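Dumped run_31.tsv below, it's TSV, C-alpha atoms:
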chain	number	residue	atom	x	y	z
A	1	VAL	CA	104.63	66.02	33.15
A	2	THR	CA	103.28	63.32	30.87
A	3	GLN	CA	100.52	60.89	31.73
A	4	ALA	CA	103.08	58.06	31.88
A	5	GLN	CA	105.20	60.01	34.38
A	6	TRP	CA	102.13	60.85	36.45
A	7	LYS	CA	100.89	57.26	36.48
A	8	GLN	CA	104.30	55.93	37.54
A	9	VAL	CA	104.21	58.14	40.66
A	10	MET	CA	100.49	58.48	41.42
A	11	ALA	CA	99.11	55.16	40.02
A	12	GLU	CA	95.90	56.58	38.48
A	13	ASP	CA	95.61	58.97	35.54
A	14	PRO	CA	92.95	61.70	35.80
A	15	SER	CA	93.37	62.93	32.21
A	16	GLY	CA	90.48	63.16	29.78
A	17	PHE	CA	92.63	63.12	26.62
A	18	ARG	CA	94.35	59.75	26.98
A	19	GLY	CA	97.88	58.95	25.83
A	20	ALA	CA	101.05	58.04	27.71
A	21	ASP	CA	103.04	60.84	26.04
A	22	LYS	CA	100.32	63.49	26.33
A	23	PRO	CA	100.54	65.95	29.21
A	24	VAL	CA	98.66	64.98	32.32
A	25	GLU	CA	95.65	67.28	32.69
A	26	ARG	CA	92.68	67.66	34.98
A	27	VAL	CA	95.11	67.97	37.88
A	28	SER	CA	94.63	70.63	40.52
A	29	TRP	CA	97.43	72.71	42.01
A	30	ASN	CA	97.08	70.54	45.12
A	31	ASP	CA	97.49	67.39	42.98
A	32	ALA	CA	100.62	68.81	41.34
A	33	VAL	CA	102.17	69.59	44.73
A	34	ASP	CA	101.32	66.06	45.94
A	35	PHE	CA	103.03	64.64	42.84
A	36	CYS	CA	106.16	66.71	43.53
A	37	ASN	CA	106.25	65.57	47.16
A	38	LYS	CA	105.80	61.88	46.26
A	39	LEU	CA	108.41	62.08	43.50
A	40	THR	CA	110.83	63.69	45.95
A	41	GLU	CA	110.29	60.82	48.42
A	42	ILE	CA	110.79	58.19	45.71
A	43	GLU	CA	113.97	59.79	44.37
A	44	LYS	CA	115.44	60.33	47.87
A	45	LYS	CA	114.82	56.68	48.82
A	46	ALA	CA	116.50	55.59	45.57
A	47	GLY	CA	119.50	57.83	46.29
A	48	ARG	CA	119.03	59.82	43.08
A	49	LEU	CA	118.24	63.19	44.67
A	50	PRO	CA	120.99	65.26	46.30
A	51	LYS	CA	120.51	66.16	49.97
A	52	GLY	CA	118.45	69.32	50.44
A	53	MET	CA	116.91	69.12	46.95
A	54	SER	CA	113.25	68.53	46.12
A	55	TYR	CA	110.88	68.53	43.19
A	56	GLN	CA	108.60	71.55	43.20
A	57	LEU	CA	106.54	73.78	40.95
A	58	PRO	CA	108.40	76.73	39.46
A	59	THR	CA	107.62	80.22	40.66
A	60	GLU	CA	105.88	82.40	38.13
A	61	SER	CA	109.10	84.29	37.41
A	62	GLN	CA	111.07	81.03	36.99
A	63	TRP	CA	108.42	79.77	34.58
A	64	GLU	CA	108.55	82.94	32.46
A	65	TYR	CA	112.36	82.98	32.48
A	66	ALA	CA	112.42	79.39	31.18
A	67	CYS	CA	109.69	80.15	28.62
A	68	ARG	CA	111.41	83.24	27.23
A	69	ALA	CA	114.78	81.47	27.04
A	70	GLY	CA	116.61	84.75	26.54
A	71	THR	CA	114.12	86.14	24.00
A	72	THR	CA	112.17	89.40	24.21
A	73	THR	CA	109.44	88.58	21.69
A	74	ALA	CA	105.79	87.70	22.31
A	75	TYR	CA	106.57	83.99	21.91
A	76	SER	CA	109.93	82.29	22.28
A	77	TRP	CA	110.15	81.95	18.46
A	78	GLY	CA	108.98	85.47	17.47
A	79	ASN	CA	106.00	87.84	17.48
A	80	SER	CA	103.46	85.83	15.47
A	81	ILE	CA	102.00	82.35	15.85
A	82	ALA	CA	100.97	79.64	13.38
A	83	ASP	CA	99.44	76.18	13.79
A	84	THR	CA	102.93	74.71	13.34
A	85	ASP	CA	104.34	76.60	16.37
A	86	ALA	CA	102.19	75.22	19.22
A	87	ASN	CA	98.98	73.39	20.05
A	88	TRP	CA	96.38	76.15	20.39
A	89	GLY	CA	92.78	76.90	19.36
A	90	GLY	CA	93.75	77.62	15.76
A	91	SER	CA	94.65	73.99	15.12
A	92	SER	CA	92.13	71.40	14.03
A	93	LEU	CA	93.06	68.95	16.78
A	94	ARG	CA	91.02	70.51	19.66
A	95	GLN	CA	92.72	68.46	22.38
A	96	THR	CA	96.16	67.90	23.86
A	97	ARG	CA	98.98	66.48	21.75
A	98	ASP	CA	101.95	64.32	22.69
A	99	VAL	CA	104.65	66.37	24.39
A	100	GLY	CA	107.47	67.48	22.09
A	101	GLN	CA	105.54	67.65	18.79
A	102	TYR	CA	106.58	71.27	18.20
A	103	ASN	CA	110.03	72.83	18.10
A	104	PRO	CA	111.59	73.54	21.52
A	105	ASN	CA	112.44	77.05	22.65
A	106	PRO	CA	116.09	78.20	22.40
A	107	TRP	CA	116.95	76.45	25.68
A	108	GLY	CA	115.38	73.14	24.65
A	109	PHE	CA	112.08	73.37	26.57
A	110	PHE	CA	109.08	71.93	24.72
A	111	ASP	CA	105.46	73.08	24.89
A	112	MET	CA	105.95	76.24	26.95
A	113	HIS	CA	103.25	77.78	24.72
A	114	GLY	CA	99.96	75.88	24.36
A	115	ASN	CA	98.96	72.26	24.91
A	116	VAL	CA	98.12	72.79	28.62
A	117	TYR	CA	98.38	75.67	31.05
A	118	GLU	CA	100.96	74.96	33.73
A	119	TRP	CA	100.54	75.54	37.45
A	120	THR	CA	103.17	77.67	39.16
A	121	ALA	CA	103.97	77.90	42.86
A	122	ASP	CA	102.76	81.49	43.20
A	123	TRP	CA	99.53	83.02	44.39
A	124	ARG	CA	98.05	85.72	42.18
A	125	ARG	CA	99.54	89.17	42.70
A	126	LYS	CA	99.57	92.49	40.92
A	127	TYR	CA	102.76	93.30	39.08
A	128	GLN	CA	104.88	95.99	40.67
A	129	SER	CA	105.95	98.93	38.54
A	130	GLY	CA	109.61	99.27	37.69
A	131	PRO	CA	112.36	96.68	37.46
A	132	ILE	CA	112.33	93.75	39.85
A	133	ILE	CA	114.53	90.66	39.99
A	134	ASN	CA	113.03	87.21	40.65
A	135	PRO	CA	109.79	88.37	42.29
A	136	THR	CA	107.82	85.93	44.39
A	137	GLY	CA	104.10	85.86	44.92
A	138	PRO	CA	102.31	86.71	48.16
A	139	ALA	CA	102.26	84.25	51.07
A	140	SER	CA	98.54	83.56	50.63
A	141	GLY	CA	95.63	84.20	48.31
A	142	ARG	CA	92.64	82.70	46.58
A	143	LEU	CA	94.02	82.01	43.07
A	144	ARG	CA	97.23	80.34	41.87
A	145	VAL	CA	99.01	81.48	38.73
A	146	ILE	CA	98.90	79.30	35.60
A	147	ARG	CA	100.99	80.09	32.53
A	148	GLY	CA	101.44	79.10	28.90
A	149	GLY	CA	97.94	78.85	27.44
A	150	CYS	CA	96.27	75.65	26.31
A	151	TRP	CA	94.96	73.70	23.33
A	152	ALA	CA	91.68	75.69	23.28
A	153	ASP	CA	93.12	79.23	23.56
A	154	ILE	CA	93.64	82.10	21.14
A	155	PRO	CA	97.15	83.48	20.54
A	156	PRO	CA	97.24	86.27	23.18
A	157	TYR	CA	96.83	83.67	25.95
A	158	LEU	CA	99.93	81.80	24.75
A	159	ARG	CA	102.31	84.78	24.96
A	160	SER	CA	105.41	84.45	27.15
A	161	ASP	CA	104.18	87.25	29.41
A	162	GLU	CA	100.52	86.23	29.66
A	163	ARG	CA	99.18	85.21	33.06
A	164	SER	CA	96.04	83.44	34.09
A	165	TYR	CA	94.75	82.07	37.37
A	166	GLY	CA	93.08	79.02	38.85
A	167	ILE	CA	91.52	77.90	42.09
A	168	PRO	CA	94.04	75.52	43.73
A	169	GLY	CA	91.52	72.67	44.06
A	170	ALA	CA	90.05	72.99	40.55
A	171	ARG	CA	90.69	70.50	37.75
A	172	HIS	CA	90.38	71.40	34.04
A	173	SER	CA	91.16	69.65	30.74
A	174	GLY	CA	93.45	72.53	29.80
A	175	VAL	CA	95.62	72.57	32.94
A	176	GLY	CA	98.66	70.46	33.86
A	177	PHE	CA	102.14	71.30	35.16
A	178	ARG	CA	105.85	71.12	34.45
Please render this file's structure as structure tokens.
Amino acid sequence: VTQAQWKQVMAEDPSGFRGADKPVERVSWNDAVDFCNKLTEIEKKAGRLPKGMSYQLPTESQWEYACRAGTTTAYSWGNSIADTDANWGGSSLRQTRDVGQYNPNPWGFFDMHGNVYEWTADWRRKYQSGPIINPTGPASGRLRVIRGGCWADIPPYLRSDERSYGIPGARHSGVGFR
């Protein structure tokens, strides 16, 4: 979600790194859910959202599925990372960049690695051993899952399978949502 998209729905922009096409950041999980709920209301009133549908954060497994885009490598483009692949701590920029400045993954999703971490719907949980299809997080917890790494991170935190966590009410310059 860009700052322009956020501002259109929420009126004010909380971001520290300003730019209409930069990802909104410094939004809590609670803020992201509020955005989804308000956008759902707007789109329903305008008749643009099918009955029974709503905007919502992806589950952790949905996020990883979209990030991997059918790949099995560390990143959606391969097993190594360069400054030209994503916005991460190895670049000289040291802040967010406009969305879409790097190549998309094989399914056309931009910035799944780096720029800002992205909130997911799930509470933190331990992975189960063995195969599992579309797992969901526990019904409650203390920490929400964030994925993707951010502009300040080192490569391991940007991997498709890397998980991190945040307090639902916390706001950070490296966290936004999709």
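Between CA of Arg125 in chain A and CA of Asp161 in chain A lies a distance of 14.2 Å.
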How close does range 76-104 of chain A get to range 13-17 of chain A? List, as JSON lines, each residue of range 76-104 of chain A within 10 Å, its nearest atom pair and the distance in Å to one decimal, counting all atoms listed in the file.
{"residue": "A:Gln95", "atom": "CA", "partner": "A:Phe17", "partner_atom": "CA", "distance": 6.8}
{"residue": "A:Thr96", "atom": "CA", "partner": "A:Phe17", "partner_atom": "CA", "distance": 6.6}
{"residue": "A:Arg97", "atom": "CA", "partner": "A:Phe17", "partner_atom": "CA", "distance": 8.7}
Just write the chosen residues, C-alpha atoms, as a PDB file, in the coordinates of the input.
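Result saved to again-v2.pdb:
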ATOM      1  CA  GLN A  95      92.720  68.460  22.380  1.00  0.00           C
ATOM      2  CA  THR A  96      96.160  67.900  23.860  1.00  0.00           C
ATOM      3  CA  ARG A  97      98.980  66.480  21.750  1.00  0.00           C
TER       4      ARG A  97
END
Query raised in the report: CA of Pro58 in chain A and CA of Asp83 in chain A are how many Å apart?
Result: 27.2 Å
Query raised in the report: How far is it from CA of Val1 in chain A to CA of Trp119 in chain A, in Å with one decimal?
Result: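 Between CA of Val1 in chain A and CA of Trp119 in chain A the gap works out to 11.2 Å.
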Requested in this report: Quick one: everything within 12 Å of Ala11 in chain A, counting all atoms listed in the file, minus sequence neighbours fewer than 5 positions away in the same chain. Send it as a PyMOL selection string.
Outcome: chain A and resi 3-6+35+38
**Report entry** Option closest in space to Glu64 in chain A, from A:Gly47, A:Pro106, A:Gly166, A:Gly148 [counting only C-alpha atoms]
**Finding:**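 Residue with the minimum atom-to-atom distance to Glu64 in chain A: A:Gly148.
For the choices A:Ser80, A:Asn87, A:Thr73, A:Gln101, the atom-to-atom distance to Ser160 in chain A is smallest for A:Thr73 when using all atoms listed in the file.
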Requested in this report: Can you pull out every residue within 10 Å of Gly100 in chain A, counting all atoms listed in the file, but drop anything in the same chain fewer than 6 positions away, and send it as a PyMOL selection string?
Outcome: chain A and resi 21-22+86+109-111
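Proximity to Thr59 in chain A was assessed for A:Glu162, A:Glu118, A:Asp34, A:Asp153 counting only C-alpha atoms; the smallest distance is recorded for A:Glu118.
Shortest separation to Ala170 in chain A among A:Arg26, A:Lys44, A:His113, A:Lys7 occurs at residue A:Arg26, atoms counted being only C-alpha atoms.
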Report task. Counting only C-alpha atoms, note down every residue that has an atom within 9 Å of the point (98.9, 80.5, 23.4) (file coordinates), as a ChimeraX atom specification. Result -> /A:75,81,86-89,112-115,148-160,162
Report task. Counting all atoms listed in the file, figure out which residue out of A:Gly174, A:Gly130, A:Pro104, A:Pro135 gets nearest to Asp85 in chain A. Result ->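 Among A:Gly174, A:Gly130, A:Pro104, A:Pro135, it is A:Pro104 that comes nearest to Asp85 in chain A.
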Report as JSON the centre and the edge lengths, in Å to one decimal, of the axis-aligned box holding every listed atom of range 138-154 of chain A, padded by 6 Å on each side.
{"center_x": 97.0, "center_y": 80.2, "center_z": 36.1, "size_x": 22.6, "size_y": 25.0, "size_z": 41.9}
Report task. For Ala139 in chain A, list every protein, DNA or RNA residue within 9 Å, evaluated using only C-alpha atoms, and leave out those in the same chain fewer than 2 positions away; present the list as a list of chain:residue names. Result ->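 Here the answer would be A:Asp122, A:Trp123, A:Thr136, A:Gly137, A:Gly141.
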Writing out the chosen residues with C-alpha atoms as a compact mmCIF listing (two decimals), keeping the file's coordinate frame:
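Written out: part_23.txt:
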# COMPACT_ATOMS: atom_id res chain seq x y z
CA ASP A 122 102.76 81.49 43.20
CA TRP A 123 99.53 83.02 44.39
CA THR A 136 107.82 85.93 44.39
CA GLY A 137 104.10 85.86 44.92
CA GLY A 141 95.63 84.20 48.31
**Report entry** Nearest residue to Gly78 in chain A from the set A:Gln62, A:Asn105, A:Ser140, A:Ala121 (distances using only C-alpha atoms)
**Finding:**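 Closest to Gly78 in chain A of all the choices is A:Asn105.
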Where atoms are missing, can you supply N, CA and C atoms for range 23-58 of chain A and output the lot as a short mmCIF file (atom, residue, chain, number, x, y, z; two decimals), in the frame of the given file?
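Output contents, as saved in part-v4.cif:
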data_model
loop_
_atom_site.label_atom_id
_atom_site.label_comp_id
_atom_site.auth_asym_id
_atom_site.auth_seq_id
_atom_site.Cartn_x
_atom_site.Cartn_y
_atom_site.Cartn_z
N PRO A 23 100.38 65.38 27.86
CA PRO A 23 100.54 65.95 29.21
C PRO A 23 99.40 65.50 30.11
N VAL A 24 99.72 65.27 31.37
CA VAL A 24 98.66 64.98 32.32
C VAL A 24 97.84 66.27 32.45
N GLU A 25 96.53 66.13 32.51
CA GLU A 25 95.65 67.28 32.69
C GLU A 25 94.52 66.88 33.62
N ARG A 26 93.71 67.86 33.95
CA ARG A 26 92.68 67.66 34.98
C ARG A 26 93.32 67.37 36.33
N VAL A 27 94.46 68.04 36.58
CA VAL A 27 95.11 67.97 37.88
C VAL A 27 95.04 69.35 38.52
N SER A 28 94.69 69.37 39.78
CA SER A 28 94.63 70.63 40.52
C SER A 28 96.04 71.03 40.94
N TRP A 29 96.16 72.25 41.45
CA TRP A 29 97.43 72.71 42.01
C TRP A 29 97.81 71.79 43.16
N ASN A 30 96.83 71.44 43.98
CA ASN A 30 97.08 70.54 45.12
C ASN A 30 97.60 69.19 44.65
N ASP A 31 97.03 68.67 43.55
CA ASP A 31 97.49 67.39 42.98
C ASP A 31 98.94 67.51 42.50
N ALA A 32 99.26 68.61 41.85
CA ALA A 32 100.62 68.81 41.34
C ALA A 32 101.63 68.86 42.47
N VAL A 33 101.28 69.53 43.56
CA VAL A 33 102.17 69.59 44.73
C VAL A 33 102.32 68.20 45.34
N ASP A 34 101.24 67.44 45.43
CA ASP A 34 101.32 66.06 45.94
C ASP A 34 102.25 65.22 45.08
N PHE A 35 102.16 65.36 43.76
CA PHE A 35 103.03 64.64 42.84
C PHE A 35 104.49 64.98 43.14
N CYS A 36 104.79 66.27 43.25
CA CYS A 36 106.16 66.71 43.53
C CYS A 36 106.68 66.12 44.83
N ASN A 37 105.85 66.12 45.86
CA ASN A 37 106.25 65.57 47.16
C ASN A 37 106.50 64.07 47.08
N LYS A 38 105.62 63.34 46.39
CA LYS A 38 105.80 61.88 46.26
C LYS A 38 107.03 61.55 45.42
N LEU A 39 107.24 62.30 44.34
CA LEU A 39 108.41 62.08 43.50
C LEU A 39 109.69 62.36 44.29
N THR A 40 109.68 63.39 45.11
CA THR A 40 110.83 63.69 45.95
C THR A 40 111.13 62.53 46.89
N GLU A 41 110.11 61.97 47.52
CA GLU A 41 110.29 60.82 48.42
C GLU A 41 110.88 59.63 47.68
N ILE A 42 110.32 59.33 46.51
CA ILE A 42 110.79 58.19 45.71
C ILE A 42 112.26 58.35 45.33
N GLU A 43 112.60 59.53 44.83
CA GLU A 43 113.97 59.79 44.37
C GLU A 43 114.97 59.83 45.52
N LYS A 44 114.56 60.33 46.69
CA LYS A 44 115.44 60.33 47.87
C LYS A 44 115.71 58.90 48.33
N LYS A 45 114.66 58.07 48.40
CA LYS A 45 114.82 56.68 48.82
C LYS A 45 115.73 55.91 47.87
N ALA A 46 115.67 56.26 46.58
CA ALA A 46 116.50 55.59 45.57
C ALA A 46 117.91 56.15 45.52
N GLY A 47 118.18 57.22 46.28
CA GLY A 47 119.50 57.83 46.29
C GLY A 47 119.83 58.64 45.06
N ARG A 48 118.80 59.06 44.33
CA ARG A 48 119.03 59.82 43.08
C ARG A 48 118.82 61.32 43.25
N LEU A 49 118.50 61.77 44.44
CA LEU A 49 118.24 63.19 44.67
C LEU A 49 119.23 63.73 45.71
N PRO A 50 120.02 64.72 45.34
CA PRO A 50 120.99 65.26 46.30
C PRO A 50 120.31 65.79 47.57
N LYS A 51 121.02 65.70 48.67
CA LYS A 51 120.51 66.16 49.97
C LYS A 51 120.11 67.63 49.87
N GLY A 52 118.95 67.94 50.44
CA GLY A 52 118.45 69.32 50.44
C GLY A 52 117.69 69.71 49.18
N MET A 53 117.62 68.83 48.19
CA MET A 53 116.91 69.12 46.95
C MET A 53 115.53 68.48 46.98
N SER A 54 114.60 69.08 46.22
CA SER A 54 113.25 68.53 46.12
C SER A 54 112.64 68.93 44.79
N TYR A 55 111.65 68.17 44.37
CA TYR A 55 110.88 68.53 43.19
C TYR A 55 109.80 69.50 43.64
N GLN A 56 109.60 70.55 42.86
CA GLN A 56 108.60 71.55 43.20
C GLN A 56 108.16 72.30 41.95
N LEU A 57 107.02 72.96 42.05
CA LEU A 57 106.54 73.78 40.95
C LEU A 57 107.42 75.02 40.83
N PRO A 58 107.62 75.50 39.61
CA PRO A 58 108.40 76.73 39.46
C PRO A 58 107.60 77.94 39.94
#
